[in-house]
file work_10.txt (compact mmCIF, C-alpha atoms)
# COMPACT_ATOMS: atom_id res chain seq x y z
CA GLY A 1 32.14 131.19 28.23
CA PRO A 2 28.75 132.26 29.58
CA VAL A 3 28.42 135.13 27.09
CA ASP A 4 28.89 132.82 24.11
CA ARG A 5 25.56 133.05 22.30
CA MET A 6 25.80 129.35 21.37
CA ALA A 7 26.16 128.23 25.00
CA THR A 8 23.17 127.43 27.17
CA GLY A 9 21.93 130.77 28.49
CA GLY A 10 24.39 132.61 26.23
CA LEU A 11 21.85 134.93 24.62
CA TYR A 12 20.30 135.66 28.01
CA ASN A 13 23.55 136.45 29.78
CA GLY A 14 25.18 138.25 26.90
CA MET A 15 22.30 140.29 25.50
CA LEU A 16 19.41 140.46 28.00
CA ALA A 17 20.76 140.52 31.53
CA PRO A 18 22.77 143.75 30.88
CA LEU A 19 19.47 145.53 30.10
CA TRP A 20 17.81 145.00 33.48
CA PRO A 21 18.90 148.43 34.85
CA TYR A 22 17.27 150.19 31.89
CA THR A 23 13.70 151.38 31.52
CA VAL A 24 11.79 149.81 28.63
CA LYS A 25 8.34 150.53 27.22
CA GLY A 26 7.71 147.04 25.87
CA VAL A 27 8.97 144.13 23.81
CA LEU A 28 8.57 143.25 20.12
CA TRP A 29 9.24 139.54 19.61
CA TRP A 30 9.57 137.50 16.41
CA GLN A 31 10.85 134.01 17.06
CA GLY A 32 9.76 130.39 17.11
CA GLU A 33 11.24 128.62 14.08
CA VAL A 34 13.97 126.90 16.09
CA ASN A 35 11.37 125.63 18.57
CA VAL A 36 9.20 123.85 15.99
CA LYS A 37 10.64 120.42 16.81
CA GLU A 38 9.65 120.94 20.45
CA ALA A 39 6.34 122.63 19.68
CA SER A 40 4.49 120.75 22.42
CA ALA A 41 6.59 122.50 25.07
CA TYR A 42 6.20 126.02 23.70
CA GLY A 43 2.84 126.59 25.39
CA ALA A 44 4.63 126.46 28.74
CA VAL A 45 8.04 127.87 27.76
CA PHE A 46 6.88 131.03 26.01
CA PRO A 47 4.57 132.36 28.79
CA ALA A 48 7.31 131.49 31.31
CA LEU A 49 9.78 133.61 29.36
CA ILE A 50 7.38 136.56 29.25
CA ASN A 51 6.67 136.36 32.98
CA ASP A 52 10.36 135.99 33.77
CA TRP A 53 11.26 139.13 31.81
CA ARG A 54 8.43 141.03 33.47
CA GLY A 55 9.68 139.91 36.85
CA HIS A 56 13.21 141.14 36.19
CA TRP A 57 11.94 144.54 35.08
CA GLY A 58 9.44 144.72 37.93
CA GLU A 59 6.61 145.30 35.42
CA PRO A 60 3.92 142.59 35.74
CA ASN A 61 2.11 143.86 32.63
CA LEU A 62 5.10 144.89 30.53
CA PRO A 63 3.70 145.12 26.96
CA PHE A 64 4.79 142.13 24.94
CA VAL A 65 3.82 142.07 21.25
CA TYR A 66 4.87 139.09 19.17
CA VAL A 67 4.54 137.66 15.67
CA GLN A 68 2.78 134.34 15.24
CA LEU A 69 4.93 131.91 13.25
CA GLU A 70 4.93 132.51 9.49
CA GLY A 71 4.32 129.92 6.77
CA HIS A 72 6.82 127.28 5.73
CA GLY A 73 6.78 124.78 2.86
CA LEU A 74 3.77 123.57 0.89
CA VAL A 75 0.38 125.28 1.14
CA GLY A 76 -2.79 123.68 2.43
CA PRO A 77 -4.49 121.50 1.48
CA TRP A 78 -7.90 123.17 1.68
CA GLU A 79 -11.31 122.35 0.23
CA ASP A 80 -10.88 124.60 -2.80
CA SER A 81 -7.24 123.71 -3.50
CA ALA A 82 -5.88 121.28 -6.06
CA ALA A 83 -4.02 119.31 -3.40
CA GLN A 84 -4.89 115.63 -3.26
CA GLU A 85 -3.17 114.76 -0.01
CA PRO A 86 -5.26 114.79 3.19
CA PRO A 87 -4.30 117.28 5.91
CA GLN A 88 -1.29 116.21 7.95
CA GLU A 89 -0.28 116.97 11.49
CA SER A 90 1.90 120.07 11.65
CA GLN A 91 4.35 121.08 14.34
CA TRP A 92 4.40 124.56 12.80
CA ALA A 93 0.65 124.77 13.38
CA GLN A 94 1.03 123.34 16.88
CA LEU A 95 3.52 126.06 17.76
CA ARG A 96 1.20 128.75 16.34
CA GLU A 97 -1.53 127.40 18.61
CA ALA A 98 0.78 127.72 21.61
CA GLN A 99 1.47 131.31 20.59
CA ARG A 100 -2.27 132.00 20.26
CA SER A 101 -2.96 130.61 23.73
CA THR A 102 -0.30 132.94 25.15
CA MET A 103 -2.64 135.86 24.39
CA ALA A 104 -4.38 134.88 27.64
CA LEU A 105 -1.57 136.70 29.44
CA PRO A 106 -2.46 140.36 30.13
CA GLY A 107 -0.58 143.00 28.19
CA THR A 108 0.17 140.79 25.21
CA GLY A 109 -0.64 141.19 21.53
CA MET A 110 -0.13 138.81 18.63
CA VAL A 111 0.47 139.68 14.98
CA VAL A 112 -0.57 137.16 12.32
CA ALA A 113 1.97 136.40 9.58
CA ALA A 114 0.75 133.01 8.33
CA ASP A 115 -1.54 134.51 5.69
CA LEU A 116 1.41 136.19 3.98
CA GLY A 117 3.15 133.03 2.82
CA ILE A 118 6.85 132.26 3.00
CA VAL A 119 9.80 134.53 2.32
CA ASP A 120 10.07 134.84 -1.47
CA GLU A 121 10.41 137.51 -4.11
CA ALA A 122 7.83 139.59 -2.17
CA HIS A 123 10.05 139.50 0.93
CA HIS A 124 10.26 143.25 1.43
CA ARG A 125 6.53 143.86 0.93
CA ARG A 126 5.85 141.06 3.40
CA LEU A 127 8.13 142.58 6.04
CA GLU A 128 6.51 145.97 5.52
CA GLU A 129 3.07 144.50 6.23
CA ILE A 130 4.29 142.67 9.34
CA GLY A 131 5.85 145.92 10.52
CA ARG A 132 2.54 147.73 9.98
CA ARG A 133 0.68 145.11 12.00
CA LEU A 134 3.23 145.29 14.81
CA PHE A 135 2.82 149.07 14.84
CA VAL A 136 -0.97 149.09 15.24
CA ASP A 137 -0.78 146.27 17.81
CA ALA A 138 1.78 148.16 19.88
CA GLU A 139 -0.24 151.37 19.63
CA THR A 140 -3.07 149.63 21.48
CA VAL A 141 -1.21 147.25 23.82
CA ALA A 142 1.61 149.60 24.86
CA TYR A 143 0.15 153.07 24.32
CA GLY A 144 -3.56 152.55 24.88
CA LYS A 145 -4.79 153.98 21.59
CA ALA A 146 -8.54 153.43 21.29
CA ASN A 147 -10.96 153.10 18.39
CA GLN A 148 -8.76 151.16 16.00
CA ILE A 149 -8.57 147.57 14.81
CA TRP A 150 -5.45 146.09 16.34
CA THR A 151 -6.22 142.39 16.04
CA GLY A 152 -8.10 140.14 13.65
CA PRO A 153 -11.15 138.11 14.69
CA LEU A 154 -10.28 135.72 17.53
CA TYR A 155 -11.94 132.34 17.94
CA ARG A 156 -14.30 132.25 20.95
CA SER A 157 -16.54 129.16 20.83
CA MET A 158 -18.12 126.48 18.65
CA LYS A 159 -21.55 124.85 18.48
CA VAL A 160 -22.60 121.85 16.41
CA HIS A 161 -25.91 121.96 14.55
CA GLY A 162 -26.45 118.67 12.74
CA ASP A 163 -23.51 118.16 10.40
CA LYS A 164 -22.35 121.79 10.58
CA VAL A 165 -20.16 123.65 13.05
CA HIS A 166 -20.96 127.26 13.94
CA LEU A 167 -17.93 129.25 15.09
CA SER A 168 -18.16 132.55 16.95
CA PHE A 169 -15.42 135.14 17.32
CA THR A 170 -14.47 138.18 19.32
CA ASP A 171 -13.06 141.36 17.75
CA VAL A 172 -15.39 141.03 14.77
CA ASN A 173 -15.81 144.84 14.58
CA THR A 174 -18.31 145.66 11.82
CA ASP A 175 -18.26 142.22 10.16
CA LEU A 176 -16.40 139.04 9.34
CA ILE A 177 -15.35 139.05 5.70
CA VAL A 178 -13.62 136.91 3.09
CA LYS A 179 -10.66 139.01 2.00
CA GLY A 180 -10.74 139.38 -1.75
CA GLY A 181 -14.09 137.58 -2.03
CA GLY A 182 -14.63 134.04 -3.26
CA ALA A 183 -14.44 130.92 -1.10
CA LEU A 184 -13.46 131.00 2.56
CA ARG A 185 -10.27 128.92 2.73
CA GLY A 186 -8.23 127.21 5.39
CA PHE A 187 -10.75 125.08 7.31
CA THR A 188 -10.59 121.37 8.08
CA ILE A 189 -13.07 119.33 10.12
CA ALA A 190 -13.08 116.01 12.00
CA GLY A 191 -15.50 113.61 13.63
CA ALA A 192 -14.95 111.45 16.69
CA ASP A 193 -12.27 109.44 14.86
CA GLY A 194 -10.02 112.51 14.83
CA ARG A 195 -9.39 112.32 11.08
CA PHE A 196 -9.39 115.83 9.63
CA VAL A 197 -10.58 116.47 6.08
CA PRO A 198 -10.74 119.67 4.02
CA ALA A 199 -13.98 121.53 4.77
CA LYS A 200 -16.27 124.03 3.15
CA ALA A 201 -16.88 127.26 5.05
CA GLU A 202 -18.92 130.43 4.75
CA THR A 203 -19.63 133.46 6.88
CA ASP A 204 -22.75 135.54 7.42
CA GLY A 205 -20.65 138.37 8.82
CA LYS A 206 -21.12 137.39 12.46
CA LYS A 207 -20.13 133.72 12.56
CA VAL A 208 -18.47 131.09 10.40
CA ILE A 209 -20.22 127.85 9.39
CA VAL A 210 -18.02 124.86 8.54
CA TRP A 211 -18.99 121.44 7.15
CA SER A 212 -17.98 118.49 5.00
CA GLU A 213 -20.17 115.90 3.32
CA SER A 214 -17.81 113.20 4.63
CA VAL A 215 -18.22 114.13 8.32
CA ALA A 216 -21.75 113.54 9.60
CA LYS A 217 -21.09 114.35 13.25
CA PRO A 218 -18.26 116.89 13.56
CA VAL A 219 -16.52 117.44 16.87
CA ALA A 220 -13.44 119.47 15.91
CA VAL A 221 -12.42 122.24 13.52
CA ARG A 222 -9.05 123.63 12.55
CA TYR A 223 -8.25 126.82 10.67
CA GLY A 224 -4.95 127.37 8.92
CA TRP A 225 -3.59 124.12 10.34
CA ALA A 226 -0.65 123.53 8.01
CA ASP A 227 3.05 124.23 7.81
CA ASN A 228 2.17 126.98 5.35
CA PRO A 229 -1.42 128.27 5.57
CA ALA A 230 -0.88 130.93 2.92
CA GLY A 231 -4.18 131.99 1.40
CA ILE A 232 -6.23 131.87 4.59
CA ASN A 233 -8.65 134.73 4.15
CA LEU A 234 -10.91 135.26 7.18
CA TYR A 235 -10.65 138.92 8.19
CA ASN A 236 -12.64 141.51 10.07
CA ARG A 237 -13.85 144.77 8.54
CA ASP A 238 -13.10 148.16 10.06
CA ILE A 239 -15.49 151.04 10.68
CA LEU A 240 -14.66 152.50 7.25
CA PHE A 241 -15.67 149.19 5.62
CA LYS A 242 -12.13 148.38 4.61
CA ASP A 243 -10.27 145.12 5.20
CA GLY A 244 -9.18 144.87 8.80
CA LEU A 245 -6.77 142.18 10.04
CA PRO A 246 -6.62 138.39 9.56
CA ALA A 247 -7.87 135.78 12.00
CA PRO A 248 -4.99 133.72 13.40
CA PRO A 249 -4.86 129.97 12.76
CA PHE A 250 -6.53 127.99 15.57
CA ALA A 251 -7.85 124.61 16.69
CA ALA A 252 -11.28 124.10 18.26
CA GLN A 253 -12.92 121.02 19.74
CA MET A 254 -16.18 120.23 21.51
CA LYS A 255 -15.70 119.74 25.23

call {"tool": "encode", "arguments": {"input": "work_10.txt", "output": "structure tokens"}}
result
Amino acid sequence: GPVDRMATGGLYNGMLAPLWPYTVKGVLWWQGEVNVKEASAYGAVFPALINDWRGHWGEPNLPFVYVQLEGHGLVGPWEDSAAQEPPQESQWAQLREAQRSTMALPGTGMVVAADLGIVDEAHHRRLEEIGRRLFVDAETVAYGKANQIWTGPLYRSMKVHGDKVHLSFTDVNTDLIVKGGGALRGFTIAGADGRFVPAKAETDGKKVIVWSESVAKPVAVRYGWADNPAGINLYNRDILFKDGLPAPPFAAQMK
């Protein structure tokens, strides 16, 4: 029947539609794994869902805070990793990019989970950290709390200077940092042929510079573009000079 959760529209009819008469403050959403095989459609489907729910509740800016897809499978490869295989296309990364683009909708907030790795023996500590990030995000998006870091640095633009790409970000706060020190991981770079290779990267606190000796004229950069981008470590720093929140995986290309 129509309330069977396995039928088309079953979850909607059985679990969501009965809530329309109720008042809600906002939505916490953690989903996406089952959509990975249709990742190319998620950039249209997910915003449509959010707008549809807002329409039913009569709240055009109903707070909607969601978790960007977590890691799955093998890590990397990055410039400083031991992996020998070149970067591959990733539907998991493609879906994360669709989730990132959904932040363009007003009243939305996105929590990064990809830096935490997959569910393993640290499962409970991982969930606790995701819960903490959801909490601070919701405090800002739903309750308007000011003067706190509620998102990591967000990609804004790129410029090419010779063989290097300079990336700028919003929500830098007091600085961009490499969490834990050491090398900045997670970047790949491509020229006009579209072939991505692991890249070196560094930050001066305000921007990130990315390059590879094998790409003379870069036109595109990706960060955390893998099924499992565990170990990505670009963060912002808060006003107390403590680690803030991680930058979400993203793709950038010269227009």

call {"tool": "atom_distance", "arguments": {"input": "work_10.txt", "atom1": "CA of Lys207 in chain A", "atom2": "CA of Asn228 in chain A"}}
result
24.4 Å

call {"tool": "residues_around", "arguments": {"input": "work_10.txt", "residues": "Val210 in chain A", "least_positions_apart": "3", "cutoff": "12 Å", "atoms": "all atoms listed in the file", "output": "mmCIF file with C-alpha atoms, in the frame of the given file"}}
result
data_model
loop_
_atom_site.group_PDB
_atom_site.id
_atom_site.type_symbol
_atom_site.label_atom_id
_atom_site.label_comp_id
_atom_site.auth_asym_id
_atom_site.auth_seq_id
_atom_site.Cartn_x
_atom_site.Cartn_y
_atom_site.Cartn_z
ATOM 1 C CA GLU A 79 -11.310 122.350 0.230
ATOM 2 C CA MET A 158 -18.120 126.480 18.650
ATOM 3 C CA LYS A 159 -21.550 124.850 18.480
ATOM 4 C CA VAL A 160 -22.600 121.850 16.410
ATOM 5 C CA HIS A 161 -25.910 121.960 14.550
ATOM 6 C CA GLY A 162 -26.450 118.670 12.740
ATOM 7 C CA ASP A 163 -23.510 118.160 10.400
ATOM 8 C CA LYS A 164 -22.350 121.790 10.580
ATOM 9 C CA VAL A 165 -20.160 123.650 13.050
ATOM 10 C CA HIS A 166 -20.960 127.260 13.940
ATOM 11 C CA LEU A 167 -17.930 129.250 15.090
ATOM 12 C CA SER A 168 -18.160 132.550 16.950
ATOM 13 C CA ALA A 183 -14.440 130.920 -1.100
ATOM 14 C CA LEU A 184 -13.460 131.000 2.560
ATOM 15 C CA ARG A 185 -10.270 128.920 2.730
ATOM 16 C CA GLY A 186 -8.230 127.210 5.390
ATOM 17 C CA PHE A 187 -10.750 125.080 7.310
ATOM 18 C CA THR A 188 -10.590 121.370 8.080
ATOM 19 C CA ILE A 189 -13.070 119.330 10.120
ATOM 20 C CA ALA A 190 -13.080 116.010 12.000
ATOM 21 C CA VAL A 197 -10.580 116.470 6.080
ATOM 22 C CA PRO A 198 -10.740 119.670 4.020
ATOM 23 C CA ALA A 199 -13.980 121.530 4.770
ATOM 24 C CA LYS A 200 -16.270 124.030 3.150
ATOM 25 C CA ALA A 201 -16.880 127.260 5.050
ATOM 26 C CA GLU A 202 -18.920 130.430 4.750
ATOM 27 C CA THR A 203 -19.630 133.460 6.880
ATOM 28 C CA ASP A 204 -22.750 135.540 7.420
ATOM 29 C CA LYS A 207 -20.130 133.720 12.560
ATOM 30 C CA GLU A 213 -20.170 115.900 3.320
ATOM 31 C CA VAL A 215 -18.220 114.130 8.320
ATOM 32 C CA ALA A 216 -21.750 113.540 9.600
ATOM 33 C CA LYS A 217 -21.090 114.350 13.250
ATOM 34 C CA PRO A 218 -18.260 116.890 13.560
ATOM 35 C CA VAL A 219 -16.520 117.440 16.870
ATOM 36 C CA ALA A 220 -13.440 119.470 15.910
ATOM 37 C CA VAL A 221 -12.420 122.240 13.520
ATOM 38 C CA ARG A 222 -9.050 123.630 12.550
ATOM 39 C CA TYR A 223 -8.250 126.820 10.670
ATOM 40 C CA ALA A 252 -11.280 124.100 18.260
#

call {"tool": "atom_distance", "arguments": {"input": "work_10.txt", "atom1": "CA of Asp137 in chain A", "atom2": "CA of Gln68 in chain A"}}
result
12.7 Å

call {"tool": "residues_around", "arguments": {"input": "work_10.txt", "residues": "Leu116 in chain A", "least_positions_apart": "3", "cutoff": "7 Å", "atoms": "all atoms listed in the file", "output": "list of chain:residue names"}}
result
A:Ala113, A:Arg126, A:Ala230

call {"tool": "closest_residue", "arguments": {"input": "work_10.txt", "among": "A:Tyr143, A:Trp92, A:Trp150, A:Tyr235", "to": "His72 in chain A", "atoms": "only C-alpha atoms"}}
result
A:Trp92

call {"tool": "atom_distance", "arguments": {"input": "work_10.txt", "atom1": "CA of Pro248 in chain A", "atom2": "CA of Trp53 in chain A"}}
result
25.1 Å

call {"tool": "closest_residue", "arguments": {"input": "work_10.txt", "among": "A:Leu234, A:Leu16, A:Ile130, A:Leu62", "to": "Pro153 in chain A", "atoms": "only C-alpha atoms"}}
result
A:Leu234

call {"tool": "closest_residue", "arguments": {"input": "work_10.txt", "among": "A:Val65, A:Val112, A:Val24, A:Leu105", "to": "Gly43 in chain A", "atoms": "only C-alpha atoms"}}
result
A:Leu105

call {"tool": "closest_residue", "arguments": {"input": "work_10.txt", "among": "A:Tyr66, A:Thr102, A:Leu176, A:Asp243", "to": "Ala138 in chain A", "atoms": "all atoms listed in the file"}}
result
A:Tyr66

call {"tool": "closest_residue", "arguments": {"input": "work_10.txt", "among": "A:Gly231, A:Pro246, A:Gly107, A:Gly10", "to": "Asp171 in chain A", "atoms": "all atoms listed in the file"}}
result
A:Pro246

call {"tool": "residues_near_point", "arguments": {"input": "work_10.txt", "point": "(-4.0, 123.3, 11.7)", "cutoff": "8 Å", "atoms": "all atoms listed in the file", "output": "MDAnalysis selection string"}}
result
chainID A and resid 89:90 93:94 188 222:226 249:251

call {"tool": "closest_residue", "arguments": {"input": "work_10.txt", "among": "A:Leu28, A:Val45, A:Leu127, A:Val34", "to": "Met110 in chain A", "atoms": "only C-alpha atoms"}}
result
A:Leu28

call {"tool": "residues_around", "arguments": {"input": "work_10.txt", "residues": "Val172 in chain A", "least_positions_apart": "4", "cutoff": "10 Å", "atoms": "all atoms listed in the file", "output": "list of chain:residue names"}}
result
A:Ile149, A:Thr151, A:Gly152, A:Pro153, A:Leu154, A:Tyr155, A:Ser168, A:Leu176, A:Ile177, A:Gly205, A:Lys206, A:Lys207, A:Tyr235, A:Asn236, A:Arg237, A:Asp238, A:Gly244, A:Leu245, A:Ala247
